[in-house]
>>> print(open('target-v6.txt').read())   # compact mmCIF, C-alpha atoms and all ligand atoms
# COMPACT_ATOMS: atom_id res chain seq x y z
CA MET A 1 0.00 0.00 0.00
CA LYS A 2 1.31 3.43 -0.95
CA PHE A 3 1.11 5.82 1.98
CA GLU A 4 2.28 9.31 1.31
CA HIS A 5 0.69 12.36 2.79
CA LYS A 6 2.36 15.74 2.56
CA PRO A 7 1.31 17.76 5.60
CA VAL A 8 -0.30 21.08 4.66
CA LEU A 9 0.69 24.42 6.26
CA LEU A 10 3.07 22.44 8.45
CA LYS A 11 5.34 25.24 9.64
CA GLU A 12 2.49 27.71 10.07
CA ALA A 13 0.30 25.31 12.08
CA VAL A 14 3.09 24.08 14.36
CA GLU A 15 4.32 27.64 14.98
CA GLY A 16 0.71 28.62 15.64
CA LEU A 17 0.56 26.16 18.54
CA ASN A 18 3.29 28.11 20.40
CA ILE A 19 4.74 24.86 21.67
CA ARG A 20 6.31 24.65 25.14
CA GLU A 21 8.71 21.75 25.57
CA ASP A 22 6.88 20.55 28.70
CA GLY A 23 3.34 21.13 27.43
CA ILE A 24 0.54 18.71 26.59
CA TYR A 25 -0.75 18.86 23.00
CA VAL A 26 -3.50 17.10 21.08
CA ASP A 27 -3.43 16.29 17.38
CA GLY A 28 -7.11 15.52 16.83
CA THR A 29 -6.55 14.28 13.27
CA VAL A 30 -3.20 12.53 13.56
CA GLY A 31 -3.42 10.80 10.13
CA GLY A 32 0.07 9.96 8.88
CA ALA A 33 1.57 11.98 11.78
CA GLY A 34 3.09 14.60 9.47
CA HIS A 35 2.18 17.38 11.90
CA SER A 36 2.51 15.20 15.00
CA ILE A 37 6.15 14.36 14.38
CA GLU A 38 6.99 18.06 14.17
CA ILE A 39 5.14 18.72 17.43
CA VAL A 40 6.83 15.82 19.21
CA ASN A 41 10.26 16.99 18.04
CA LYS A 42 9.70 20.17 20.05
CA LEU A 43 8.82 18.34 23.28
CA THR A 44 11.19 17.22 26.05
CA THR A 45 9.03 16.32 29.02
CA GLY A 46 5.81 17.23 27.22
CA LYS A 47 3.23 14.82 25.76
CA LEU A 48 1.28 14.49 22.54
CA ILE A 49 -2.12 12.83 22.39
CA GLY A 50 -2.82 11.74 18.82
CA ILE A 51 -6.44 10.98 17.93
CA ASP A 52 -7.78 9.47 14.72
CA GLN A 53 -11.04 7.70 13.96
CA ASP A 54 -9.27 5.62 11.30
CA ILE A 55 -7.44 2.63 12.76
CA ASN A 56 -5.18 2.30 9.67
CA ALA A 57 -4.05 5.91 10.11
CA LEU A 58 -3.20 5.25 13.76
CA ASN A 59 -1.09 2.23 12.80
CA LYS A 60 0.83 4.40 10.34
CA ALA A 61 1.21 7.17 12.92
CA LYS A 62 2.66 4.63 15.36
CA ASP A 63 5.36 3.73 12.81
CA VAL A 64 6.22 7.36 12.11
CA LEU A 65 6.34 8.23 15.82
CA GLU A 66 8.09 5.03 16.90
CA ASP A 67 11.20 6.74 18.29
CA HIS A 68 9.06 8.98 20.49
CA LEU A 69 6.44 6.60 21.87
CA ASP A 70 7.39 7.54 25.44
CA LYS A 71 5.96 11.00 24.71
CA VAL A 72 2.95 9.91 22.65
CA ILE A 73 -0.47 8.46 23.43
CA LEU A 74 -2.47 7.31 20.39
CA ILE A 75 -6.23 7.01 20.69
CA HIS A 76 -8.75 5.52 18.26
CA ASP A 77 -11.70 7.87 18.60
CA ASN A 78 -13.47 10.88 17.14
CA TYR A 79 -12.01 14.26 18.18
CA VAL A 80 -15.53 15.38 19.05
CA ASN A 81 -15.13 13.20 22.18
CA ILE A 82 -12.07 15.17 23.36
CA GLU A 83 -13.50 15.91 26.83
CA ASN A 84 -14.05 12.21 27.59
CA ILE A 85 -10.80 11.14 25.98
CA LEU A 86 -8.79 13.52 28.18
CA LEU A 87 -10.86 12.70 31.26
CA ASN A 88 -10.12 8.98 30.78
CA LEU A 89 -6.42 9.81 30.58
CA GLY A 90 -6.64 11.84 33.78
CA ILE A 91 -5.76 15.04 31.90
CA GLU A 92 -7.68 18.16 32.95
CA LYS A 93 -6.33 20.71 30.46
CA VAL A 94 -4.00 20.84 27.48
CA ASP A 95 -1.76 23.54 25.97
CA GLY A 96 -2.75 23.26 22.34
CA VAL A 97 -4.93 21.35 19.88
CA LEU A 98 -4.48 20.89 16.14
CA LEU A 99 -7.15 19.79 13.66
CA ASP A 100 -6.13 19.15 10.04
CA LEU A 101 -9.47 18.25 8.52
CA GLY A 102 -10.64 16.17 5.62
CA VAL A 103 -9.42 13.04 3.98
CA SER A 104 -5.77 11.99 3.85
CA SER A 105 -3.86 10.84 0.80
CA HIS A 106 -3.54 7.36 2.28
CA GLN A 107 -7.31 7.08 2.61
CA LEU A 108 -7.64 8.00 -1.07
CA ASP A 109 -4.91 5.46 -1.93
CA GLU A 110 -6.60 2.58 -0.13
CA ARG A 111 -8.88 1.34 -2.91
CA GLU A 112 -11.20 -0.72 -0.70
CA ARG A 113 -12.15 2.35 1.38
CA GLY A 114 -14.19 3.70 -1.53
CA PHE A 115 -13.04 7.34 -1.17
CA SER A 116 -11.63 7.61 -4.68
CA TYR A 117 -13.65 8.17 -7.83
CA GLN A 118 -10.70 6.83 -9.79
CA LYS A 119 -10.64 3.32 -8.30
CA ASP A 120 -13.39 0.73 -8.38
CA ALA A 121 -14.47 -0.31 -4.89
CA PRO A 122 -17.55 -0.90 -2.78
CA LEU A 123 -19.28 2.39 -1.86
CA ASP A 124 -17.99 2.93 1.66
CA MET A 125 -16.16 6.22 2.55
CA ARG A 126 -16.26 5.63 6.31
CA MET A 127 -13.20 7.03 8.06
CA ASP A 128 -14.16 4.94 11.09
CA ASN A 129 -14.99 1.48 9.82
CA THR A 130 -16.80 0.61 13.07
CA GLN A 131 -19.49 3.17 12.22
CA LYS A 132 -22.72 1.96 10.59
CA LEU A 133 -23.59 4.61 8.01
CA SER A 134 -21.66 4.21 4.75
CA ALA A 135 -21.75 5.81 1.31
CA TRP A 136 -23.84 2.82 0.17
CA ASP A 137 -26.58 3.80 2.63
CA VAL A 138 -26.51 7.45 1.56
CA VAL A 139 -26.66 6.63 -2.16
CA ASN A 140 -29.20 3.80 -1.90
CA THR A 141 -31.55 4.94 0.86
CA TYR A 142 -31.60 8.77 1.07
CA SER A 143 -34.54 10.60 -0.51
CA GLU A 144 -34.07 12.44 -3.79
CA ARG A 145 -34.48 15.75 -1.96
CA ASP A 146 -31.82 14.90 0.64
CA LEU A 147 -29.40 13.69 -2.03
CA GLU A 148 -29.89 16.90 -3.98
CA ARG A 149 -29.37 19.02 -0.84
CA ILE A 150 -26.20 17.21 0.17
CA ILE A 151 -24.68 17.29 -3.31
CA TRP A 152 -25.63 20.96 -3.72
CA GLU A 153 -24.53 22.17 -0.27
CA TYR A 154 -21.52 19.99 0.56
CA GLY A 155 -20.34 19.50 -3.01
CA GLU A 156 -21.29 22.95 -4.34
CA GLU A 157 -22.26 21.00 -7.46
CA ARG A 158 -24.54 22.94 -9.79
CA TRP A 159 -25.83 19.72 -11.39
CA ALA A 160 -26.99 18.38 -8.01
CA LYS A 161 -30.66 18.13 -9.01
CA ARG A 162 -29.95 16.05 -12.12
CA ILE A 163 -27.41 13.87 -10.32
CA ALA A 164 -29.94 13.12 -7.56
CA GLN A 165 -32.59 12.32 -10.20
CA PHE A 166 -30.24 9.99 -12.09
CA ILE A 167 -29.28 8.21 -8.84
CA ILE A 168 -32.96 7.62 -8.02
CA ASP A 169 -33.70 6.37 -11.57
CA GLU A 170 -30.80 3.91 -11.41
CA ARG A 171 -31.80 2.76 -7.92
CA ARG A 172 -35.24 1.77 -9.24
CA LYS A 173 -33.51 -0.72 -11.56
CA LYS A 174 -30.81 -2.05 -9.24
CA SER A 175 -28.79 -1.04 -6.20
CA ILE A 176 -25.71 1.16 -6.68
CA ASP A 177 -22.91 -0.83 -5.10
CA THR A 178 -19.60 0.50 -6.39
CA THR A 179 -17.72 3.75 -6.84
CA LEU A 180 -17.39 3.39 -10.61
CA GLN A 181 -21.11 2.61 -10.96
CA LEU A 182 -21.76 5.93 -9.21
CA VAL A 183 -19.17 7.73 -11.36
CA GLU A 184 -20.98 6.48 -14.49
CA ILE A 185 -24.34 7.78 -13.20
CA ILE A 186 -22.81 11.19 -12.39
CA LYS A 187 -21.21 11.37 -15.84
CA ASN A 188 -24.54 10.63 -17.50
CA ALA A 189 -26.26 13.33 -15.41
CA ILE A 190 -23.81 16.11 -16.37
CA PRO A 191 -24.07 17.40 -19.95
CA LYS A 192 -21.10 16.24 -22.05
CA LYS A 193 -19.88 19.75 -22.86
CA VAL A 194 -19.68 20.68 -19.15
CA ARG A 195 -18.09 17.34 -18.27
CA MET A 196 -15.11 18.12 -20.43
CA GLU A 197 -14.31 21.30 -18.49
CA GLY A 198 -12.00 21.40 -15.45
CA HIS A 199 -11.95 18.78 -12.72
CA HIS A 200 -13.26 15.20 -12.71
CA PRO A 201 -17.09 15.22 -12.99
CA ALA A 202 -17.49 13.05 -9.87
CA LYS A 203 -15.16 15.07 -7.63
CA LYS A 204 -17.78 17.32 -6.04
CA THR A 205 -20.41 14.60 -5.54
CA PHE A 206 -17.87 12.26 -3.93
CA GLN A 207 -16.75 15.06 -1.59
CA ALA A 208 -20.38 15.74 -0.64
CA ILE A 209 -21.15 12.09 0.12
CA ARG A 210 -17.94 11.74 2.18
CA ILE A 211 -18.84 14.80 4.26
CA GLU A 212 -22.32 13.34 4.89
CA VAL A 213 -21.08 9.84 5.74
CA ASN A 214 -18.57 11.13 8.28
CA LYS A 215 -20.82 13.96 9.56
CA GLU A 216 -17.77 16.20 9.12
CA LEU A 217 -19.52 19.56 9.54
CA GLU A 218 -21.69 18.58 12.52
CA VAL A 219 -18.68 17.13 14.32
CA LEU A 220 -16.58 20.26 13.74
CA LYS A 221 -19.33 22.58 15.00
CA LEU A 222 -19.79 20.56 18.20
CA ALA A 223 -16.10 20.04 18.81
CA ILE A 224 -14.74 23.61 18.80
CA PRO A 225 -16.41 24.74 22.07
CA SER A 226 -15.47 21.41 23.74
CA ILE A 227 -11.86 21.78 22.66
CA ASN A 228 -11.78 25.37 23.86
CA LYS A 229 -13.01 24.24 27.28
CA MET A 230 -10.11 21.82 27.57
CA LEU A 231 -7.41 24.43 26.84
CA ASN A 232 -5.27 26.04 29.51
CA LYS A 233 -5.26 29.84 29.55
CA GLY A 234 -3.02 30.89 26.63
CA GLY A 235 -3.49 27.47 24.97
CA ARG A 236 -3.89 27.53 21.20
CA LEU A 237 -6.39 25.91 18.82
CA CYS A 238 -5.17 25.61 15.21
CA ILE A 239 -7.64 24.40 12.58
CA ILE A 240 -6.78 23.69 8.94
CA THR A 241 -9.86 23.44 6.68
CA PHE A 242 -10.24 22.51 3.02
CA HIS A 243 -13.87 23.44 2.36
CA SER A 244 -15.63 26.81 2.50
CA LEU A 245 -18.37 25.44 4.78
CA GLU A 246 -15.76 24.13 7.24
CA ASP A 247 -13.95 27.46 7.23
CA ARG A 248 -17.23 29.29 7.83
CA ILE A 249 -17.95 27.09 10.86
CA VAL A 250 -14.49 27.81 12.32
CA LYS A 251 -14.79 31.55 11.66
CA GLU A 252 -18.30 31.84 13.12
CA THR A 253 -17.62 29.63 16.17
CA PHE A 254 -14.42 31.55 16.95
CA LYS A 255 -16.45 34.79 16.70
CA GLU A 256 -19.08 33.44 19.13
CA LEU A 257 -16.41 32.38 21.63
CA ASN A 258 -14.80 35.80 21.26
CA LYS A 259 -17.98 37.68 22.28
CA ASP A 260 -18.16 39.20 25.75
CA CYS A 261 -21.87 39.87 25.90
CA ILE A 262 -24.76 38.63 23.78
CA CYS A 263 -27.51 40.82 25.31
CA PRO A 264 -29.61 42.81 22.80
CA PRO A 265 -28.06 46.29 22.35
CA GLU A 266 -31.11 48.00 23.91
CA PHE A 267 -30.53 46.31 27.30
CA PRO A 268 -29.15 48.89 29.78
CA ILE A 269 -27.07 46.30 31.64
CA CYS A 270 -25.64 42.91 30.76
CA ILE A 271 -27.71 39.98 32.04
CA CYS A 272 -26.34 37.22 29.80
CA ASP A 273 -23.28 36.21 31.83
CA LYS A 274 -21.46 35.42 28.60
CA LYS A 275 -17.71 35.80 28.97
CA ARG A 276 -15.11 36.12 26.26
CA GLU A 277 -13.41 32.71 26.05
CA LEU A 278 -11.20 32.86 22.98
CA LYS A 279 -8.93 35.45 21.43
CA ILE A 280 -8.78 35.32 17.63
CA ILE A 281 -5.13 35.27 16.56
CA THR A 282 -5.76 35.16 12.80
CA LYS A 283 -8.09 37.98 11.74
CA LYS A 284 -7.73 36.56 8.23
CA PRO A 285 -6.96 32.87 7.66
CA ILE A 286 -3.40 31.85 6.84
CA ILE A 287 -3.22 30.29 3.37
CA PRO A 288 -0.44 28.29 1.68
CA THR A 289 2.23 30.01 -0.40
CA GLU A 290 2.32 29.60 -4.20
CA LYS A 291 5.37 27.40 -3.66
CA GLU A 292 3.51 25.04 -1.31
CA ILE A 293 0.58 24.79 -3.72
CA ALA A 294 2.94 24.00 -6.62
CA GLU A 295 4.58 21.25 -4.55
CA ASN A 296 1.34 19.92 -3.07
CA PRO A 297 -1.84 20.66 -5.06
CA ARG A 298 -3.96 19.30 -2.16
CA ALA A 299 -2.97 22.47 -0.26
CA ARG A 300 -4.79 24.73 -2.74
CA SER A 301 -7.97 25.24 -0.71
CA ALA A 302 -6.37 25.07 2.75
CA LYS A 303 -7.04 27.76 5.36
CA LEU A 304 -5.58 27.92 8.86
CA ARG A 305 -7.32 29.77 11.68
CA ILE A 306 -5.84 30.10 15.16
CA GLY A 307 -7.55 30.94 18.45
CA GLU A 308 -6.12 31.35 21.95
CA ARG A 309 -7.91 30.47 25.19
CA ILE A 310 -8.45 33.46 27.45
C1 LIG B 1 -5.92 15.40 6.46
S1 LIG B 1 -5.66 13.99 7.42
C2 LIG B 1 -4.50 14.49 8.63
C3 LIG B 1 -3.10 14.37 8.18
C4 LIG B 1 -2.04 14.65 9.21
N1 LIG B 1 -2.12 15.99 9.74
C5 LIG B 1 -0.67 14.43 8.60
O1 LIG B 1 0.04 15.41 8.35
O2 LIG B 1 -0.30 13.29 8.36
C6 LIG B 1 -7.10 13.89 8.34
C7 LIG B 1 -7.15 12.69 9.28
O3 LIG B 1 -8.11 13.00 10.27
C8 LIG B 1 -8.93 11.90 10.50
N2 LIG B 1 -10.21 12.44 10.93
C9 LIG B 1 -11.08 13.18 10.21
N3 LIG B 1 -12.13 13.53 10.96
C10 LIG B 1 -11.90 13.02 12.20
C11 LIG B 1 -12.63 13.04 13.41
N4 LIG B 1 -13.81 13.65 13.51
N5 LIG B 1 -12.09 12.44 14.51
C12 LIG B 1 -10.90 11.79 14.42
N6 LIG B 1 -10.18 11.72 13.28
C13 LIG B 1 -10.68 12.32 12.18
C14 LIG B 1 -8.98 11.14 9.20
O4 LIG B 1 -9.25 9.79 9.43
C15 LIG B 1 -7.56 11.38 8.65
O5 LIG B 1 -6.69 10.36 9.02
>>> encode(input="target-v6.txt", output="structure tokens", more="lines below")
Ligand SMILES: C[S@@+](CC[C@H](N)C(=O)[O-])C[C@H]1O[C@@H](n2cnc3c(N)ncnc32)[C@H](O)[C@@H]1O
Amino acid sequence: MKFEHKPVLLKEAVEGLNIREDGIYVDGTVGGAGHSIEIVNKLTTGKLIGIDQDINALNKAKDVLEDHLDKVILIHDNYVNIENILLNLGIEKVDGVLLDLGVSSHQLDERERGFSYQKDAPLDMRMDNTQKLSAWDVVNTYSERDLERIIWEYGEERWAKRIAQFIIDERRKKSIDTTLQLVEIIKNAIPKKVRMEGHHPAKKTFQAIRIEVNKELEVLKLAIPSINKMLNKGGRLCIITFHSLEDRIVKETFKELNKDCICPPEFPICICDKKRELKIITKKPIIPTEKEIAENPRARSAKLRIGERI
């Protein structure tokens, strides 16, 4: 199995964590440990907790981090459960958390995972293969309206309506079991002239279904306030996103946590008890340089936002 994953915004994200050599850090999306190894290299007595919901990714991370396992704890879980994960480890607070969202190159490389529209495989796309919902369920059981909404919103695919219709028509004849079967349906739904332009015609629909299967946006929205709660004062939260909806969630949630009072402006005194919990370090997101994008096209849509616990 080929397993190469170039970490995106590596220097910027690790610098953003403001690492102390004796601190405790969490990489909530450890993946191939590209960021984790850089974090660990800065620690002496400190610790890194690496979380991933994909057991294959954790096995790879263990190999990459093998010379540092005295400083590393690897956990198979969803980062949304950070409060419980840390509680179970007897850790009350941490000094920094990194999230590098989305799918990794190794997940795309592993044919049988069904993430790639270029390889024939069962429709799966689960990052955590102990979870029930898979791409097969989404494609074969969701209503036409839900399919259209997901493909439109998460994929930003302008042919969403036709693609949903074509999926439903095909489903009436037989179940849609494989990635290439789905690619063929998508190709038929998009007019030939449009299909020839730009990226692969199935790219946006596959992205949309993956986001739905792994509940990527819901998880992110829930997790940010939980992570913030677990940070020591001055602790940093660095989040790298690859999708405009993800970036919007990070931006809006940071803004909420940054507010001191949410009383209506006409109230003479504050009665809401809301306290400012997070300082926004990046007024504008940090984006990759032209050089990084040339070396790693996956970095093209990346955005890094950093917050600091108050
Ligand atoms: C883009 S990769 C991270 C790559 C890593 N930073 C590196 O440089 O090697 C994203 C990883 O996060 C994992 N992941 C995505 N969402 C997750 C979640 N909610 N909880 C835990 N892991 C998640 C995926 O399984 C994948 O391995």
>>> residues_near_ligand(input="target-v6.txt", ligand="ligand LIG 1 (chain B)", cutoff="8 Å", atoms="only C-alpha atoms and all ligand atoms", output="ChimeraX atom specification")
/A:5-8,10,27-36,51-54,57-58,61,76-80,99-105,107,127-128,214,216,219-220
>>> closest_residue(input="target-v6.txt", among="A:Leu98, A:Arg298, A:Lys284, A:Glu197", to="Gly16 in chain A", atoms="all atoms listed in the file")
A:Leu98
>>> closest_residue(input="target-v6.txt", among="A:Glu212, A:Asp247, A:Asp260, A:Glu277", to="Ser301 in chain A", atoms="all atoms listed in the file")
A:Asp247
>>> atom_distance(input="target-v6.txt", atom1="CA of Ile306 in chain A", atom2="CA of Leu245 in chain A")
16.9 Å
>>> atom_distance(input="target-v6.txt", atom1="CA of Ile82 in chain A", atom2="CA of Val14 in chain A")
19.8 Å
>>> atom_distance(input="target-v6.txt", atom1="CA of Gln118 in chain A", atom2="CA of Val183 in chain A")
8.7 Å
>>> closest_residue(input="target-v6.txt", among="A:Met230, A:Asp169, A:Arg20, A:Ser134", to="Leu87 in chain A", atoms="all atoms listed in the file")
A:Met230
>>> closest_residue(input="target-v6.txt", among="A:Phe242, A:Tyr154, A:Tyr25, A:Tyr117", to="Ile185 in chain A", atoms="all atoms listed in the file")
A:Tyr117
>>> residues_around(input="target-v6.txt", residues="range 155-157 of chain A", least_positions_apart="3", cutoff="6 Å", atoms="all atoms listed in the file", output="list of chain:residue names")
A:Ile151, A:Trp152, A:Ala160, A:Lys204, A:Thr205, A:Gln207, A:Ala208
>>> build_atoms(input="target-v6.txt", residues="range 218-229 of chain A", atoms="all heavy atoms", output="compact mmCIF listing (two decimals), in the coordinates of the input")
# COMPACT_ATOMS: atom_id res chain seq x y z
N GLU A 218 -21.05 18.64 11.20
CA GLU A 218 -21.69 18.58 12.52
C GLU A 218 -20.64 18.38 13.62
O GLU A 218 -20.67 19.03 14.66
CB GLU A 218 -22.70 17.42 12.60
CG GLU A 218 -23.93 17.58 11.76
CD GLU A 218 -23.81 16.91 10.39
OE1 GLU A 218 -22.70 16.96 9.80
OE2 GLU A 218 -24.80 16.35 9.91
N VAL A 219 -19.72 17.46 13.34
CA VAL A 219 -18.68 17.13 14.32
C VAL A 219 -17.81 18.37 14.61
O VAL A 219 -17.53 18.69 15.77
CB VAL A 219 -17.81 15.96 13.77
CG1 VAL A 219 -16.47 15.87 14.45
CG2 VAL A 219 -18.57 14.64 13.92
N LEU A 220 -17.44 19.08 13.57
CA LEU A 220 -16.58 20.26 13.74
C LEU A 220 -17.28 21.32 14.59
O LEU A 220 -16.69 21.89 15.52
CB LEU A 220 -16.23 20.82 12.35
CG LEU A 220 -15.37 22.08 12.33
CD1 LEU A 220 -14.00 21.82 12.97
CD2 LEU A 220 -15.18 22.58 10.89
N LYS A 221 -18.56 21.56 14.27
CA LYS A 221 -19.33 22.58 15.00
C LYS A 221 -19.41 22.25 16.49
O LYS A 221 -19.25 23.12 17.34
CB LYS A 221 -20.75 22.60 14.40
CG LYS A 221 -21.40 23.95 14.43
CD LYS A 221 -22.79 23.85 13.87
CE LYS A 221 -23.01 24.84 12.78
NZ LYS A 221 -24.20 24.58 11.97
N LEU A 222 -19.68 20.98 16.80
CA LEU A 222 -19.79 20.56 18.20
C LEU A 222 -18.44 20.60 18.91
O LEU A 222 -18.36 20.89 20.11
CB LEU A 222 -20.31 19.12 18.28
CG LEU A 222 -21.78 18.89 18.05
CD1 LEU A 222 -22.07 17.39 18.00
CD2 LEU A 222 -22.59 19.51 19.20
N ALA A 223 -17.40 20.27 18.17
CA ALA A 223 -16.10 20.04 18.81
C ALA A 223 -15.40 21.34 19.25
O ALA A 223 -14.71 21.34 20.28
CB ALA A 223 -15.18 19.26 17.88
N ILE A 224 -15.56 22.41 18.50
CA ILE A 224 -14.74 23.61 18.80
C ILE A 224 -14.98 24.11 20.24
O ILE A 224 -14.01 24.33 20.97
CB ILE A 224 -14.94 24.72 17.74
CG1 ILE A 224 -14.46 24.21 16.37
CG2 ILE A 224 -14.17 25.99 18.12
CD1 ILE A 224 -14.76 25.14 15.21
N PRO A 225 -16.23 24.29 20.68
CA PRO A 225 -16.41 24.74 22.07
C PRO A 225 -15.87 23.73 23.09
O PRO A 225 -15.31 24.12 24.11
CB PRO A 225 -17.92 24.90 22.21
CG PRO A 225 -18.43 25.04 20.81
CD PRO A 225 -17.52 24.22 19.97
N SER A 226 -16.00 22.43 22.81
CA SER A 226 -15.47 21.41 23.74
C SER A 226 -13.95 21.51 23.82
O SER A 226 -13.38 21.43 24.91
CB SER A 226 -15.77 19.99 23.25
OG SER A 226 -17.11 19.76 23.20
N ILE A 227 -13.32 21.67 22.68
CA ILE A 227 -11.86 21.78 22.66
C ILE A 227 -11.43 23.01 23.45
O ILE A 227 -10.53 22.97 24.28
CB ILE A 227 -11.32 21.85 21.21
CG1 ILE A 227 -11.58 20.54 20.48
CG2 ILE A 227 -9.83 22.21 21.19
CD1 ILE A 227 -11.25 20.57 19.00
N ASN A 228 -12.14 24.11 23.19
CA ASN A 228 -11.78 25.37 23.86
C ASN A 228 -11.83 25.22 25.38
O ASN A 228 -10.98 25.73 26.10
CB ASN A 228 -12.71 26.48 23.37
CG ASN A 228 -12.23 27.84 23.80
OD1 ASN A 228 -11.05 28.16 23.64
ND2 ASN A 228 -13.11 28.63 24.39
N LYS A 229 -12.85 24.48 25.84
CA LYS A 229 -13.01 24.24 27.28
C LYS A 229 -11.81 23.51 27.87
O LYS A 229 -11.48 23.66 29.04
CB LYS A 229 -14.25 23.35 27.50
CG LYS A 229 -15.38 24.04 28.21
CD LYS A 229 -16.29 23.02 28.84
CE LYS A 229 -17.56 22.87 28.01
NZ LYS A 229 -18.40 21.77 28.46
